[in-house]
Amino acid sequence: MSASPEPGQIVTRFAPSPTGFLHIGGARTALFNWLYARHHGGRFLLRIEDTDKARSTQAAIDAILDGMRWLGLDWDGDTHFQSEFAGRHAEVAHALLASGHAYRCWMSAEELAAQRAAAQAERRPFRIRSPWRDRDEARNEPFVIRLKAPQDGETAIDDQVQGRVTVRNEEIDDFVLLRSDGSPTYMLAVVVDDHDMGVTHVIRGDDHLNNAFRQLAIIRAMGWPEPVYGHVPLIHGQDGAKLSKRHGALGVDTYRDEMGILPEALFNYLLRLGWGHGDEEIISREDAVRWFDIDHVGRSPSRFDLKKLENLNGHYLREADPARLAALVAPKLPGADGALLARAMPFLTPRAKDLNELAEGAAFLFKPRPLDMDEKAKALLEGGARDLLALVHQALAKVAGWSAEETEQAVREVAEAEGVKLGQVAQPLRAALTGRATSPGIFDVLALLGREESLARIADQLR
């Protein structure tokens, strides 16, 4: 495997495990990697880390790829699958063995358990110390290959987000590279794949910061170029706790399919979770690519705020092309007329924060007659409301055209003649036309429904 980057070219990657949906944290990691590569004219690669075959599923792989495409995070070249390179991973483990940077270990489960128990009893961190590190003896039994990690001095990482971070090498144990069945561990596989794909910058969650020191030990033992690291703080909920499903840490597909969020809104929202450009809140894809740099990612965890996402989504709904919105809303309204939906969008978007609310707001357009009334609408038709409706029906029937201006003039004249406020006429009219107590402007409703349908719906309430 080789991505063959050009000399000096920046190469980033997103490497999710396909054990579930593309969640919010993963999507932001993918976004930051995509932006960094695009900003610098580099390459953005996608690698599915599917070595855990027991937990990896095709459905999860499909969900990740679908979510990436929906957010517009296109990747360069093919989609790489880590499981395809197990032979290469083993090759590197044996190269480390041959160079003296790794060793065969026959420690038993009982010996490991005893070391763990001793560490707990002494209240110190558990670090594996294998008796096989410096022994030449061999056994005719299955073994693991462990890295011979440095034990003296310290390792420092100049992280693009966290700054300089230092760890004493004695804290890095001799971790397993190759299991006794010959399969590679994650720690080995990720390093080999990043090297072979030409990855120059590793941008990921700061929960991987400790892994970086172990991975650097492999990189240095192999004499490979070291990547530049950028460990981004995790996203927290509003209560400051690590983000979970109860905070809104759902799959990207849920925001799209169930919550009615537009991709540009989620893109913009994730971009602003931990990164900023002055006081800018609404940031286009083009400006994001132009402005983004990992140096401006904050060191503190961001807090996920669903209301902010909804408000941002409302902005993008109002900016969106009506025909596009109609196509997105139509599946939520079986039998809906696309052309009518598109005409209705400019009247519906000011009141909506997601596609579901758009669909709910447009539903009255396609209701069969006679309309089902909700309880608030029924209340608006009580008392003398139907007498006013009868007068409105007569006035509207005489309107030559059917523009909002003409229908408004006719209804206003009824209100003035009867000595009532316009709202006292408009509210029962809204109930008769929509079956609800809320809707777009009543004269816009009349225009959208058209002359014949409007008069028929009013007449239904006069019988």
# chains A, B, ... in the order shown; residues from 1 in each chain; ligands from 1
$ residues_around --residues "segment 203-218 of chain A" --least-positions-apart "2" --cutoff "6 Å" --atoms "only C-alpha atoms" --output "JSON, numbers by chain"
{"A": [29, 220, 221, 230, 231, 232, 233, 234]}
$ write_last_selection --atoms "C-alpha atoms" --output "compact mmCIF listing (two decimals), in the first residue's frame"
# COMPACT_ATOMS: atom_id res chain seq x y z
CA THR A 29 -12.29 14.57 13.54
CA ARG A 220 11.76 5.50 15.96
CA ALA A 221 12.72 1.85 16.17
CA GLY A 230 -2.56 17.31 16.75
CA HIS A 231 -4.68 15.90 19.57
CA VAL A 232 -8.04 17.66 19.72
CA PRO A 233 -9.99 17.88 23.02
CA LEU A 234 -13.09 15.72 23.14
$ residues_around --residues "segment 105-108 of chain A" --least-positions-apart "2" --cutoff "8 Å" --atoms "only C-alpha atoms" --output "MDAnalysis selection string"
chainID A and resid 103 110:112 130:133 139 141:146
$ atom_distance --atom1 "atom CA of Ile294 of chain A" --atom2 "atom CA of Leu22 of chain A"
21.8 Å
$ select_by_dssp --residues "segment 65-125 of chain A" --states "strand (DSSP E)" --output "list in words"
His80, Phe81, Ala102, Tyr103, Arg104 and Cys105 of chain A
$ residues_around --residues "Asn33 of chain A" --least-positions-apart "6" --cutoff "7 Å" --atoms "only C-alpha atoms" --output "PyMOL selection string"
chain A and resi 12-14+44+203
$ closest_residue --among "A:Asp295, A:Asp194, A:Asp158, A:Glu281" --to "Lys308 of chain A" --atoms "only C-alpha atoms"
A:Glu281
$ closest_residue --among "A:Ala330, A:Ala63, A:Leu273, A:Ala113" --to "His296 of chain A" --atoms "only C-alpha atoms"
A:Leu273
$ atom_distance --atom1 "atom CA of Gly77 of chain A" --atom2 "atom CA of Phe21 of chain A"
22.5 Å
$ closest_residue --among "A:Arg463, A:Arg168, A:Lys307, A:Arg256" --to "Leu328 of chain A" --atoms "only C-alpha atoms"
A:Arg256
$ closest_residue --among "A:Arg351, A:Arg324, A:Lys378, A:His89" --to "Ala339 of chain A" --atoms "only C-alpha atoms"
A:Arg324
$ atom_distance --atom1 "atom CA of Trp75 of chain A" --atom2 "atom CA of Leu45 of chain A"
5.3 Å
$ closest_residue --among "A:Gln461, A:Thr349, A:Gln162, A:Ser99" --to "Leu147 of chain A" --atoms "only C-alpha atoms"
A:Ser99
$ closest_residue --among "A:Val420, A:Leu65, A:Ala138, A:Ala426" --to "Arg104 of chain A" --atoms "only C-alpha atoms"
A:Ala138
$ select_by_dssp --residues "segment 166-410 of chain A" --states "alpha helix (DSSP H)" --output "NGL selection string"
:A and (186-196 or 209-222 or 252-257 or 263-271 or 285-291 or 306-319 or 322-329 or 338-348 or 355-362 or 375-380 or 385-397 or 404-410)
